[in-house]
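Data from protein.pdb: PDB, C-alpha atoms
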```pdb
ATOM      1  CA  MET A 461      14.202 -34.207 -40.476
ATOM      2  CA  MET A 462      15.350 -33.585 -36.900
ATOM      3  CA  SER A 463      16.999 -36.563 -35.301
ATOM      4  CA  ALA A 464      15.865 -37.935 -31.953
ATOM      5  CA  ARG A 465      19.190 -36.959 -30.382
ATOM      6  CA  THR A 466      18.864 -33.346 -31.562
ATOM      7  CA  ARG A 467      15.255 -33.137 -30.376
ATOM      8  CA  PHE A 468      16.286 -34.546 -26.978
ATOM      9  CA  ALA A 469      19.049 -31.952 -26.646
ATOM     10  CA  ILE A 470      16.733 -29.045 -27.556
ATOM     11  CA  VAL A 471      14.058 -30.141 -25.104
ATOM     12  CA  THR A 472      16.680 -30.602 -22.372
ATOM     13  CA  VAL A 473      18.138 -27.115 -22.883
ATOM     14  CA  ALA A 474      14.655 -25.548 -22.953
ATOM     15  CA  THR A 475      13.648 -27.354 -19.777
ATOM     16  CA  VAL A 476      16.819 -26.389 -17.912
ATOM     17  CA  PHE A 477      16.347 -22.770 -18.992
ATOM     18  CA  THR A 478      12.691 -22.775 -17.915
ATOM     19  CA  MET A 479      13.459 -24.323 -14.535
ATOM     20  CA  ALA A 480      16.343 -21.911 -13.931
ATOM     21  CA  VAL A 481      14.189 -18.870 -14.740
ATOM     22  CA  THR A 482      11.156 -19.960 -12.696
ATOM     23  CA  ALA A 483      13.315 -21.012  -9.724
ATOM     24  CA  SER A 484      15.164 -17.683  -9.765
ATOM     25  CA  LEU A 485      11.849 -15.807  -9.868
ATOM     26  CA  GLY A 486      10.636 -17.871  -6.916
ATOM     27  CA  PHE A 487      13.743 -17.031  -4.889
ATOM     28  CA  TRP A 488      13.392 -13.368  -5.906
ATOM     29  CA  GLN A 489       9.848 -13.318  -4.520
ATOM     30  CA  LEU A 490      11.083 -14.891  -1.273
ATOM     31  CA  ASP A 491      13.737 -12.178  -1.045
ATOM     32  CA  ARG A 492      11.062  -9.517  -1.590
ATOM     33  CA  ALA A 493       9.036 -11.109   1.198
ATOM     34  CA  ARG A 494      12.072 -10.971   3.497
ATOM     35  CA  GLN A 495      12.552  -7.275   2.676
ATOM     36  CA  LYS A 496       8.887  -6.601   3.387
ATOM     37  CA  LEU A 497       9.138  -8.440   6.715
ATOM     38  CA  ASP A 498      12.102  -6.241   7.655
ATOM     39  CA  LEU A 499      10.051  -3.178   6.690
ATOM     40  CA  GLN A 500       7.080  -4.424   8.720
ATOM     41  CA  GLU A 501       9.351  -4.858  11.726
ATOM     42  CA  GLN A 502      10.602  -1.300  11.235
ATOM     43  CA  ILE A 503       7.013  -0.021  11.079
ATOM     44  CA  ASN A 504       6.109  -1.889  14.268
ATOM     45  CA  GLN A 505       9.171  -0.517  16.059
ATOM     46  CA  ARG A 506       8.341   3.056  15.031
ATOM     47  CA  ALA A 507       4.773   2.640  16.247
ATOM     48  CA  ASP A 508       6.138   1.819  19.715
ATOM     49  CA  LEU A 509       8.473   4.831  19.896
ATOM     50  CA  PRO A 510       7.686   7.861  22.078
ATOM     51  CA  ALA A 511       5.456  10.382  20.349
ATOM     52  CA  TRP A 512       6.922  13.279  18.421
ATOM     53  CA  HIS A 513       5.690  16.662  19.553
ATOM     54  CA  THR A 514       5.318  19.755  17.410
ATOM     55  CA  VAL A 515       8.912  20.883  17.790
ATOM     56  CA  ASP A 516      10.211  17.394  16.944
ATOM     57  CA  LEU A 517       8.273  17.315  13.694
ATOM     58  CA  LEU A 518       9.342  20.822  12.738
ATOM     59  CA  GLN A 519      13.005  20.075  13.440
ATOM     60  CA  ALA A 520      13.055  16.764  11.559
ATOM     61  CA  SER A 521      15.326  17.036   8.527
ATOM     62  CA  ASP A 522      13.142  14.484   6.739
ATOM     63  CA  PRO A 523       9.641  14.076   8.196
ATOM     64  CA  LEU A 524       9.142  10.983   6.021
ATOM     65  CA  ALA A 525      11.766   9.235   8.151
ATOM     66  CA  GLY A 526       9.247   9.331  11.007
ATOM     67  CA  LEU A 527       6.416   7.599   9.166
ATOM     68  CA  HIS A 528       4.168   5.463  11.413
ATOM     69  CA  ARG A 529       5.510   7.137  14.543
ATOM     70  CA  PRO A 530       2.949   8.499  17.034
ATOM     71  CA  VAL A 531       2.633  12.277  17.282
ATOM     72  CA  GLN A 532       1.092  14.819  19.624
ATOM     73  CA  LEU A 533       0.832  18.113  17.783
ATOM     74  CA  ARG A 534      -0.533  21.536  18.673
ATOM     75  CA  GLY A 535      -1.810  24.030  16.164
ATOM     76  CA  GLN A 536      -4.825  25.696  14.613
ATOM     77  CA  TRP A 537      -7.155  24.185  12.040
ATOM     78  CA  VAL A 538      -7.267  25.835   8.630
ATOM     79  CA  LYS A 539     -10.978  25.180   8.427
ATOM     80  CA  ASP A 540     -11.628  26.815   5.061
ATOM     81  CA  ALA A 541      -9.190  24.410   3.402
ATOM     82  CA  SER A 542     -10.950  21.232   4.585
ATOM     83  CA  VAL A 543     -11.481  18.593   1.908
ATOM     84  CA  PHE A 544     -13.783  15.563   1.830
ATOM     85  CA  LEU A 545     -12.086  12.740  -0.076
ATOM     86  CA  ASP A 546     -14.744  10.723  -1.884
ATOM     87  CA  ASN A 547     -15.134   6.948  -2.281
ATOM     88  CA  ARG A 548     -13.193   6.083   0.865
ATOM     89  CA  GLN A 549     -14.004   2.999   2.897
ATOM     90  CA  MET A 550     -13.787   2.247   6.597
ATOM     91  CA  ALA A 551     -15.331  -0.774   8.305
ATOM     92  CA  THR A 552     -16.592  -1.902   4.841
ATOM     93  CA  ARG A 553     -18.702   1.260   4.467
ATOM     94  CA  ASN A 554     -18.294   3.868   1.743
ATOM     95  CA  GLY A 555     -18.085   7.575   2.467
ATOM     96  CA  PHE A 556     -15.633  10.453   2.947
ATOM     97  CA  PHE A 557     -12.265  10.941   4.600
ATOM     98  CA  LEU A 558     -12.220  14.422   6.119
ATOM     99  CA  VAL A 559      -8.827  16.072   5.648
ATOM    100  CA  THR A 560      -8.106  19.407   7.331
ATOM    101  CA  PRO A 561      -4.769  21.266   7.340
ATOM    102  CA  LEU A 562      -3.298  22.027  10.770
ATOM    103  CA  ARG A 563      -1.023  25.072  11.053
ATOM    104  CA  LEU A 564       1.509  24.120  13.691
ATOM    105  CA  THR A 565       1.928  26.347  16.735
ATOM    106  CA  ASP A 566       4.679  29.013  16.446
ATOM    107  CA  SER A 567       5.217  28.133  12.794
ATOM    108  CA  GLN A 568       3.821  28.700   9.326
ATOM    109  CA  ARG A 569       4.354  25.033   8.467
ATOM    110  CA  VAL A 570       1.183  23.046   7.911
ATOM    111  CA  VAL A 571       0.457  19.331   8.048
ATOM    112  CA  LEU A 572      -2.576  17.618   6.530
ATOM    113  CA  VAL A 573      -4.593  15.745   9.146
ATOM    114  CA  GLN A 574      -6.786  12.835   8.104
ATOM    115  CA  ARG A 575      -9.366  13.446  10.798
ATOM    116  CA  GLY A 576     -11.551  10.402  10.178
ATOM    117  CA  TRP A 577     -14.310   8.845   8.106
ATOM    118  CA  VAL A 578     -17.885  10.031   7.769
ATOM    119  CA  PRO A 579     -20.787   8.641   5.691
ATOM    120  CA  ARG A 580     -22.017  10.616   2.737
ATOM    121  CA  ASP A 581     -25.554  11.595   1.801
ATOM    122  CA  PHE A 582     -26.387   9.395  -1.191
ATOM    123  CA  THR A 583     -29.620  11.295  -1.827
ATOM    124  CA  ASP A 584     -27.630  14.508  -2.409
ATOM    125  CA  ARG A 585     -24.128  13.693  -3.550
ATOM    126  CA  SER A 586     -23.103  17.349  -3.555
ATOM    127  CA  ARG A 587     -23.840  17.763   0.163
ATOM    128  CA  VAL A 588     -21.011  17.559   2.675
ATOM    129  CA  PRO A 589     -21.524  16.655   6.336
ATOM    130  CA  THR A 590     -21.349  19.361   8.952
ATOM    131  CA  ILE A 591     -18.323  18.576  11.137
ATOM    132  CA  ASP A 592     -17.369  20.753  14.081
ATOM    133  CA  THR A 593     -13.923  22.258  13.582
ATOM    134  CA  PRO A 594     -12.990  24.265  16.694
ATOM    135  CA  ALA A 595     -11.209  27.595  16.444
ATOM    136  CA  GLY A 596      -8.122  28.395  18.475
ATOM    137  CA  GLU A 597      -5.288  26.078  19.418
ATOM    138  CA  VAL A 598      -6.017  22.355  19.504
ATOM    139  CA  GLN A 599      -3.999  19.256  20.305
ATOM    140  CA  VAL A 600      -4.053  16.453  17.774
ATOM    141  CA  GLU A 601      -2.925  12.915  18.533
ATOM    142  CA  GLY A 602      -2.266  10.402  15.823
ATOM    143  CA  ARG A 603       0.477   8.810  13.779
ATOM    144  CA  LEU A 604       2.533  10.058  10.893
ATOM    145  CA  ALA A 605       1.410   8.631   7.576
ATOM    146  CA  PRO A 606       2.067   9.217   3.898
ATOM    147  CA  PRO A 607      -0.196  11.778   2.216
ATOM    148  CA  PRO A 608      -3.736  10.459   1.644
ATOM    149  CA  GLY A 609      -3.719   7.564  -0.796
ATOM    150  CA  LYS A 610      -4.772   8.290  -4.354
ATOM    151  CA  LEU A 611      -7.661   6.615  -6.139
ATOM    152  CA  TYR A 612      -8.173   6.431  -9.884
ATOM    153  CA  GLN A 613      -9.735   9.584 -11.264
ATOM    154  CA  LEU A 614     -10.690  11.034 -14.634
ATOM    155  CA  GLY A 615      -9.129  14.431 -15.214
ATOM    156  CA  ASP A 616      -7.639  16.589 -12.480
ATOM    157  CA  ALA A 617      -8.509  16.477  -8.786
ATOM    158  CA  GLY A 618     -10.674  19.613  -8.899
ATOM    159  CA  THR A 619     -10.841  22.391  -6.336
ATOM    160  CA  GLY A 620     -14.138  21.856  -4.528
ATOM    161  CA  ALA A 621     -14.833  20.619  -1.032
ATOM    162  CA  ILE A 622     -15.455  17.102  -2.408
ATOM    163  CA  ARG A 623     -12.513  15.591  -4.279
ATOM    164  CA  GLN A 624     -11.222  12.224  -5.293
ATOM    165  CA  ASN A 625      -7.598  12.946  -4.342
ATOM    166  CA  ILE A 626      -5.226  15.521  -2.920
ATOM    167  CA  GLU A 627      -1.938  16.181  -4.660
ATOM    168  CA  LEU A 628       0.340  17.992  -2.213
ATOM    169  CA  GLY A 629       2.061  20.309  -4.684
ATOM    170  CA  ALA A 630      -1.143  21.417  -6.382
ATOM    171  CA  PHE A 631      -2.961  21.788  -3.051
ATOM    172  CA  ALA A 632      -0.127  23.908  -1.626
ATOM    173  CA  ARG A 633      -0.255  26.217  -4.667
ATOM    174  CA  GLU A 634      -4.049  26.431  -4.473
ATOM    175  CA  THR A 635      -4.197  27.274  -0.770
ATOM    176  CA  GLY A 636      -0.864  29.050  -0.305
ATOM    177  CA  LEU A 637      -0.084  26.741   2.624
ATOM    178  CA  ASP A 638       3.456  25.614   3.461
ATOM    179  CA  LEU A 639       2.712  21.896   3.569
ATOM    180  CA  LEU A 640       4.900  19.221   5.087
ATOM    181  CA  SER A 641       5.552  16.096   3.027
ATOM    182  CA  VAL A 642       3.642  13.857   5.454
ATOM    183  CA  SER A 643       0.150  13.678   6.870
ATOM    184  CA  VAL A 644      -1.291  12.635  10.223
ATOM    185  CA  GLN A 645      -3.947   9.992  10.748
ATOM    186  CA  GLN A 646      -5.764  11.286  13.809
ATOM    187  CA  THR A 647      -6.520   8.723  16.492
ATOM    188  CA  GLY A 648      -8.508   8.636  19.705
ATOM    189  CA  ALA A 649     -12.160   9.290  20.445
ATOM    190  CA  SER A 650     -13.982  11.716  18.160
ATOM    191  CA  LEU A 651     -16.441  14.215  19.558
ATOM    192  CA  GLU A 652     -17.352  15.156  15.979
ATOM    193  CA  GLY A 653     -18.791  11.734  15.118
ATOM    194  CA  LEU A 654     -15.883  10.744  12.891
ATOM    195  CA  LEU A 655     -14.858   7.101  12.627
ATOM    196  CA  ARG A 656     -11.135   6.477  13.171
ATOM    197  CA  GLU A 657     -10.684   2.747  12.712
ATOM    198  CA  TRP A 658      -7.575   3.159  10.589
ATOM    199  CA  PRO A 659      -6.121  -0.162   9.396
ATOM    200  CA  ARG A 660      -2.733  -0.993  10.826
ATOM    201  CA  ALA A 661       0.019  -0.326   8.328
ATOM    202  CA  ALA A 662       0.933  -3.558   6.522
ATOM    203  CA  VAL A 663       3.311  -4.284   3.665
ATOM    204  CA  GLY A 664       1.645  -7.280   1.967
ATOM    205  CA  VAL A 665       4.055 -10.157   2.543
ATOM    206  CA  ASP A 666       1.528 -12.903   1.758
ATOM    207  CA  LYS A 667       1.310 -12.033  -1.930
ATOM    208  CA  HIS A 668       5.061 -12.565  -2.347
ATOM    209  CA  HIS A 669       4.823 -15.988  -0.715
ATOM    210  CA  GLY A 670       1.940 -16.780  -3.075
ATOM    211  CA  TYR A 671       3.928 -15.694  -6.129
ATOM    212  CA  ALA A 672       6.936 -17.709  -4.957
ATOM    213  CA  PHE A 673       4.749 -20.803  -4.592
ATOM    214  CA  GLN A 674       3.469 -20.331  -8.139
ATOM    215  CA  TRP A 675       6.969 -19.940  -9.615
ATOM    216  CA  PHE A 676       8.324 -22.958  -7.728
ATOM    217  CA  GLY A 677       5.254 -24.905  -8.819
ATOM    218  CA  LEU A 678       5.947 -24.068 -12.468
ATOM    219  CA  CYS A 679       9.578 -25.073 -11.978
ATOM    220  CA  ALA A 680       8.555 -28.431 -10.534
ATOM    221  CA  LEU A 681       5.967 -28.923 -13.286
ATOM    222  CA  ALA A 682       8.579 -28.340 -15.988
ATOM    223  CA  GLY A 683      10.849 -30.929 -14.345
ATOM    224  CA  VAL A 684       8.070 -33.495 -14.002
ATOM    225  CA  LEU A 685       6.923 -33.045 -17.604
ATOM    226  CA  TYR A 686      10.506 -33.385 -18.803
ATOM    227  CA  LEU A 687      10.999 -36.650 -16.913
ATOM    228  CA  TRP A 688       7.665 -37.998 -18.088
ATOM    229  CA  PHE A 689       7.967 -37.247 -21.794
ATOM    230  CA  GLN A 690      11.703 -37.814 -22.124
ATOM    231  CA  PHE A 691      12.200 -40.893 -19.974
ATOM    232  CA  ILE A 692       9.141 -42.455 -18.336
ATOM    233  CA  SER A 693       6.689 -42.395 -21.254
ATOM    234  CA  PRO A 694       9.198 -43.687 -23.869
ATOM    235  CA  ARG A 695      10.282 -46.456 -21.495
ATOM    236  CA  ARG A 696       6.652 -47.489 -20.910
ATOM    237  CA  LYS A 697       6.119 -47.604 -24.671
ATOM    238  CA  ARG A 698       9.196 -49.768 -25.164
ATOM    239  CA  ILE A 699       8.048 -52.147 -22.433
ATOM    240  CA  SER A 700       4.538 -52.221 -23.887
ATOM    241  CA  HIS A 701       5.821 -52.971 -27.385
ATOM    242  CA  GLY A 702       8.064 -55.680 -26.059
ATOM    243  CA  THR A 703       5.135 -57.313 -24.242
ATOM    244  CA  ASP A 704       2.972 -57.094 -27.351
ATOM    245  CA  ALA A 705       5.720 -58.812 -29.386
ATOM    246  CA  ARG A 706       5.731 -61.759 -27.013
TER     247      ARG A 706
END
```

Once more with this new file: its structure as structure tokens, please.
Amino acid sequence: MMSARTRFAIVTVATVFTMAVTASLGFWQLDRARQKLDLQEQINQRADLPAWHTVDLLQASDPLAGLHRPVQLRGQWVKDASVFLDNRQMATRNGFFLVTPLRLTDSQRVVLVQRGWVPRDFTDRSRVPTIDTPAGEVQVEGRLAPPPGKLYQLGDAGTGAIRQNIELGAFARETGLDLLSVSVQQTGASLEGLLREWPRAAVGVDKHHGYAFQWFGLCALAGVLYLWFQFISPRRKRISHGTDAR
């Protein structure tokens, strides 16, 4: 049978280990939050930089390094390659994101432009809205963004006008377009009736603070339970038994 001294030692080691692990996880989450805050500051700084023009984007060795920076680009819409991304929300409403490739002026390079949100026809789910896409050279203002976010889908993305996602490599092979590794979220007023209330880029710091609180809470709980069951409760029992004896 295990002696009281052995049991005390095992519980002590287990508690110290548990508190060390949970405390370290809490500090790790705080460090992740600090990294995210630094990234958020970088995003905010880029958003305040002067806009890149067409030549700046084309000459960038890594366009992804300019994410969240404003842009003013000139080019021609590749209208026939427009895609309506399904199940996209803006202002709590469900509909499409219209994505149209823009062939940059004096270049064969193409950038995907997220032109805005439009409601879908729920009585005919195969119908796409009619959106004016002017011919000739246009100027597009917006900010550099990652390619359109992906939603869960069954099977491949498909090749129709309505899709769940766009995968850059597959879309480039399908269309023969020389796509850049970034996209543009178009901003400004829309004469086509598109909604452009894009959410400001955020990195989700609050969740790391929440996780850290949980880990530190577990650490404190382990310490409190250890003190209670190893010291306070036995002492109360001894005092109670002594009182009963009298």

Build an axis-aligned box that encloses every atom of range 568-578 of chain A listed in the file, pad it by 3 Å on each side, and report its centre and edge lengths in Å to one decimal, as lines of an AutoDock Vina configuration file.
```
center_x = -6.8
center_y = 18.8
center_z = 8.7
size_x = 28.2
size_y = 25.9
size_z = 10.3
```

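Distances to Gln646 in chain A were evaluated for A:Val570, A:Ile692, A:Val559, A:Ala469 using all atoms listed in the file, and the minimum falls at A:Val559.
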
Q: Output the residue selection produced by the PyMOL selection byres ((chain A and resi 544) around 6) on the file above, formatted as a ChimeraX atom specification.
A: /A:543,545,556-558,621-622

Q) Which residue, A:Ala493, A:Leu517, A:Leu485, A:Val538, has the smallest gap to Val642 in chain A when you use all atoms listed in the file? A) A:Leu517

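The nearest approach to Asn547 in chain A among the residues A:Thr514, A:Gln599, A:Gln624, A:Thr565, with all atoms listed in the file taken into account, belongs to A:Gln624.
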
Q) When you draw a straight line from CA of Val665 in chain A to CA of Gln489 in chain A, how long is it in Å? A) 9.7 Å

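The closest residue to Thr552 in chain A, picked from A:Pro594, A:Arg465, A:Met479, A:Trp658 and counting only C-alpha atoms, is A:Trp658.
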
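Ranking A:Ser641, A:Lys697, A:Thr466, A:Tyr686 by their shortest atom-to-atom distance to Ala520 in chain A, with only C-alpha atoms included, puts A:Ser641 first.
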
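Closest to Asp540 in chain A among A:Gly620, A:Gly526, A:Glu652, A:Leu497 is A:Gly620, based on only C-alpha atoms.
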
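Pairwise distance (CA of Thr619 in chain A, CA of Leu524 in chain A) equals 26.1 Å.
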
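The two atoms in question, CA of Ser463 in chain A and CA of Thr478 in chain A, are spaced 22.6 Å apart.
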
Q.
Residues within 9 Å of range 529-535 of chain A, please, as a PyMOL selection string. Count only C-alpha atoms; anything in the same chain fewer than 6 positions from it doesn't count.
A. chain A and resi 503+505-515+517+562-567+570+596-605+644

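The residues returned by the PyMOL selection byres ((chain A and resi 580) around 12) for this structure are Phe544, Leu545, Asp546, Asn547, Arg548, Gln549, Arg553, Asn554, Gly555, Phe556, Phe557, Leu558, Trp577, Val578, Pro579, Asp581, Phe582, Thr583, Asp584, Arg585, Ser586, Arg587, Val588, Pro589, Thr590, Ile622 and Leu654 of chain A.
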
Q: Report as a PyMOL selection string the full result of the PyMOL selection byres ((chain A and resi 639) around 8) when it is applied to this structure.
A: chain A and resi 569-572+628+632+637-638+640-641

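Proximity to Trp488 in chain A at 10 Å, evaluated using all atoms listed in the file and with sequence-adjacent residues fewer than 4 positions away removed, yields Thr482, Ala483, Ser484, Arg492, Ala493, Arg494, His668, Tyr671, Ala672 and Trp675 of chain A.
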
Can you patch up range 626-659 of chain A, filling it in to N, CA and C atoms, and show the result as a PDB file, keeping the file's coordinate frame?
```pdb
ATOM      1  N   ILE A 626      -5.990  14.301  -3.205  1.00  0.00           N
ATOM      2  CA  ILE A 626      -5.226  15.521  -2.920  1.00  0.00           C
ATOM      3  C   ILE A 626      -3.807  15.294  -3.402  1.00  0.00           C
ATOM      4  N   GLU A 627      -3.330  16.195  -4.252  1.00  0.00           N
ATOM      5  CA  GLU A 627      -1.938  16.181  -4.660  1.00  0.00           C
ATOM      6  C   GLU A 627      -1.249  17.330  -3.938  1.00  0.00           C
ATOM      7  N   LEU A 628      -0.229  17.007  -3.137  1.00  0.00           N
ATOM      8  CA  LEU A 628       0.340  17.992  -2.213  1.00  0.00           C
ATOM      9  C   LEU A 628       0.795  19.266  -2.913  1.00  0.00           C
ATOM     10  N   GLY A 629       1.546  19.120  -4.011  1.00  0.00           N
ATOM     11  CA  GLY A 629       2.061  20.309  -4.684  1.00  0.00           C
ATOM     12  C   GLY A 629       0.953  21.215  -5.183  1.00  0.00           C
ATOM     13  N   ALA A 630      -0.035  20.625  -5.845  1.00  0.00           N
ATOM     14  CA  ALA A 630      -1.143  21.417  -6.382  1.00  0.00           C
ATOM     15  C   ALA A 630      -1.967  22.036  -5.252  1.00  0.00           C
ATOM     16  N   PHE A 631      -2.166  21.273  -4.174  1.00  0.00           N
ATOM     17  CA  PHE A 631      -2.961  21.788  -3.051  1.00  0.00           C
ATOM     18  C   PHE A 631      -2.221  22.932  -2.353  1.00  0.00           C
ATOM     19  N   ALA A 632      -0.905  22.834  -2.235  1.00  0.00           N
ATOM     20  CA  ALA A 632      -0.127  23.908  -1.626  1.00  0.00           C
ATOM     21  C   ALA A 632      -0.223  25.180  -2.468  1.00  0.00           C
ATOM     22  N   ARG A 633      -0.142  25.034  -3.798  1.00  0.00           N
ATOM     23  CA  ARG A 633      -0.255  26.217  -4.667  1.00  0.00           C
ATOM     24  C   ARG A 633      -1.654  26.811  -4.598  1.00  0.00           C
ATOM     25  N   GLU A 634      -2.663  25.956  -4.521  1.00  0.00           N
ATOM     26  CA  GLU A 634      -4.049  26.431  -4.473  1.00  0.00           C
ATOM     27  C   GLU A 634      -4.341  27.197  -3.197  1.00  0.00           C
ATOM     28  N   THR A 635      -3.860  26.691  -2.070  1.00  0.00           N
ATOM     29  CA  THR A 635      -4.197  27.274  -0.770  1.00  0.00           C
ATOM     30  C   THR A 635      -3.146  28.254  -0.253  1.00  0.00           C
ATOM     31  N   GLY A 636      -1.945  28.216  -0.816  1.00  0.00           N
ATOM     32  CA  GLY A 636      -0.864  29.050  -0.305  1.00  0.00           C
ATOM     33  C   GLY A 636      -0.281  28.548   0.997  1.00  0.00           C
ATOM     34  N   LEU A 637      -0.575  27.293   1.370  1.00  0.00           N
ATOM     35  CA  LEU A 637      -0.084  26.741   2.624  1.00  0.00           C
ATOM     36  C   LEU A 637       1.291  26.111   2.441  1.00  0.00           C
ATOM     37  N   ASP A 638       2.112  26.200   3.464  1.00  0.00           N
ATOM     38  CA  ASP A 638       3.456  25.614   3.461  1.00  0.00           C
ATOM     39  C   ASP A 638       3.341  24.187   4.021  1.00  0.00           C
ATOM     40  N   LEU A 639       3.046  23.248   3.146  1.00  0.00           N
ATOM     41  CA  LEU A 639       2.712  21.896   3.569  1.00  0.00           C
ATOM     42  C   LEU A 639       3.945  21.041   3.806  1.00  0.00           C
ATOM     43  N   LEU A 640       3.902  20.253   4.875  1.00  0.00           N
ATOM     44  CA  LEU A 640       4.900  19.221   5.087  1.00  0.00           C
ATOM     45  C   LEU A 640       4.638  18.048   4.150  1.00  0.00           C
ATOM     46  N   SER A 641       5.644  17.205   3.990  1.00  0.00           N
ATOM     47  CA  SER A 641       5.552  16.096   3.027  1.00  0.00           C
ATOM     48  C   SER A 641       4.844  14.876   3.595  1.00  0.00           C
ATOM     49  N   VAL A 642       4.345  14.973   4.823  1.00  0.00           N
ATOM     50  CA  VAL A 642       3.642  13.857   5.454  1.00  0.00           C
ATOM     51  C   VAL A 642       2.245  14.306   5.850  1.00  0.00           C
ATOM     52  N   SER A 643       1.442  13.350   6.289  1.00  0.00           N
ATOM     53  CA  SER A 643       0.150  13.678   6.870  1.00  0.00           C
ATOM     54  C   SER A 643       0.054  12.999   8.235  1.00  0.00           C
ATOM     55  N   VAL A 644      -1.030  13.250   8.928  1.00  0.00           N
ATOM     56  CA  VAL A 644      -1.291  12.635  10.223  1.00  0.00           C
ATOM     57  C   VAL A 644      -2.641  11.942  10.159  1.00  0.00           C
ATOM     58  N   GLN A 645      -2.677  10.682  10.559  1.00  0.00           N
ATOM     59  CA  GLN A 645      -3.947   9.992  10.748  1.00  0.00           C
ATOM     60  C   GLN A 645      -4.340  10.166  12.208  1.00  0.00           C
ATOM     61  N   GLN A 646      -5.365  10.973  12.442  1.00  0.00           N
ATOM     62  CA  GLN A 646      -5.764  11.286  13.809  1.00  0.00           C
ATOM     63  C   GLN A 646      -6.365  10.058  14.479  1.00  0.00           C
ATOM     64  N   THR A 647      -6.019   9.863  15.729  1.00  0.00           N
ATOM     65  CA  THR A 647      -6.520   8.723  16.492  1.00  0.00           C
ATOM     66  C   THR A 647      -7.248   9.224  17.734  1.00  0.00           C
ATOM     67  N   GLY A 648      -7.797   8.285  18.487  1.00  0.00           N
ATOM     68  CA  GLY A 648      -8.508   8.636  19.705  1.00  0.00           C
ATOM     69  C   GLY A 648      -9.988   8.858  19.448  1.00  0.00           C
ATOM     70  N   ALA A 649     -10.715   9.086  20.533  1.00  0.00           N
ATOM     71  CA  ALA A 649     -12.160   9.290  20.445  1.00  0.00           C
ATOM     72  C   ALA A 649     -12.466  10.567  19.678  1.00  0.00           C
ATOM     73  N   SER A 650     -13.575  10.560  18.952  1.00  0.00           N
ATOM     74  CA  SER A 650     -13.982  11.716  18.160  1.00  0.00           C
ATOM     75  C   SER A 650     -15.279  12.281  18.701  1.00  0.00           C
ATOM     76  N   LEU A 651     -15.233  13.543  19.108  1.00  0.00           N
ATOM     77  CA  LEU A 651     -16.441  14.215  19.558  1.00  0.00           C
ATOM     78  C   LEU A 651     -17.262  14.711  18.376  1.00  0.00           C
ATOM     79  N   GLU A 652     -16.669  14.654  17.174  1.00  0.00           N
ATOM     80  CA  GLU A 652     -17.352  15.156  15.979  1.00  0.00           C
ATOM     81  C   GLU A 652     -18.111  14.061  15.250  1.00  0.00           C
ATOM     82  N   GLY A 653     -18.094  12.826  15.771  1.00  0.00           N
ATOM     83  CA  GLY A 653     -18.791  11.734  15.118  1.00  0.00           C
ATOM     84  C   GLY A 653     -18.017  11.080  13.999  1.00  0.00           C
ATOM     85  N   LEU A 654     -16.724  11.335  13.921  1.00  0.00           N
ATOM     86  CA  LEU A 654     -15.883  10.744  12.891  1.00  0.00           C
ATOM     87  C   LEU A 654     -15.416   9.361  13.317  1.00  0.00           C
ATOM     88  N   LEU A 655     -15.351   8.447  12.369  1.00  0.00           N
ATOM     89  CA  LEU A 655     -14.858   7.101  12.627  1.00  0.00           C
ATOM     90  C   LEU A 655     -13.367   7.072  12.360  1.00  0.00           C
ATOM     91  N   ARG A 656     -12.600   6.481  13.297  1.00  0.00           N
ATOM     92  CA  ARG A 656     -11.135   6.477  13.171  1.00  0.00           C
ATOM     93  C   ARG A 656     -10.565   5.073  13.330  1.00  0.00           C
ATOM     94  N   GLU A 657     -11.169   4.127  12.677  1.00  0.00           N
ATOM     95  CA  GLU A 657     -10.684   2.747  12.712  1.00  0.00           C
ATOM     96  C   GLU A 657      -9.692   2.538  11.565  1.00  0.00           C
ATOM     97  N   TRP A 658      -8.576   3.252  11.642  1.00  0.00           N
ATOM     98  CA  TRP A 658      -7.575   3.159  10.589  1.00  0.00           C
ATOM     99  C   TRP A 658      -6.956   1.762  10.591  1.00  0.00           C
ATOM    100  N   PRO A 659      -6.793   1.149   9.426  1.00  0.00           N
ATOM    101  CA  PRO A 659      -6.121  -0.162   9.396  1.00  0.00           C
ATOM    102  C   PRO A 659      -4.660  -0.013   9.772  1.00  0.00           C
TER     103      PRO A 659
END
```
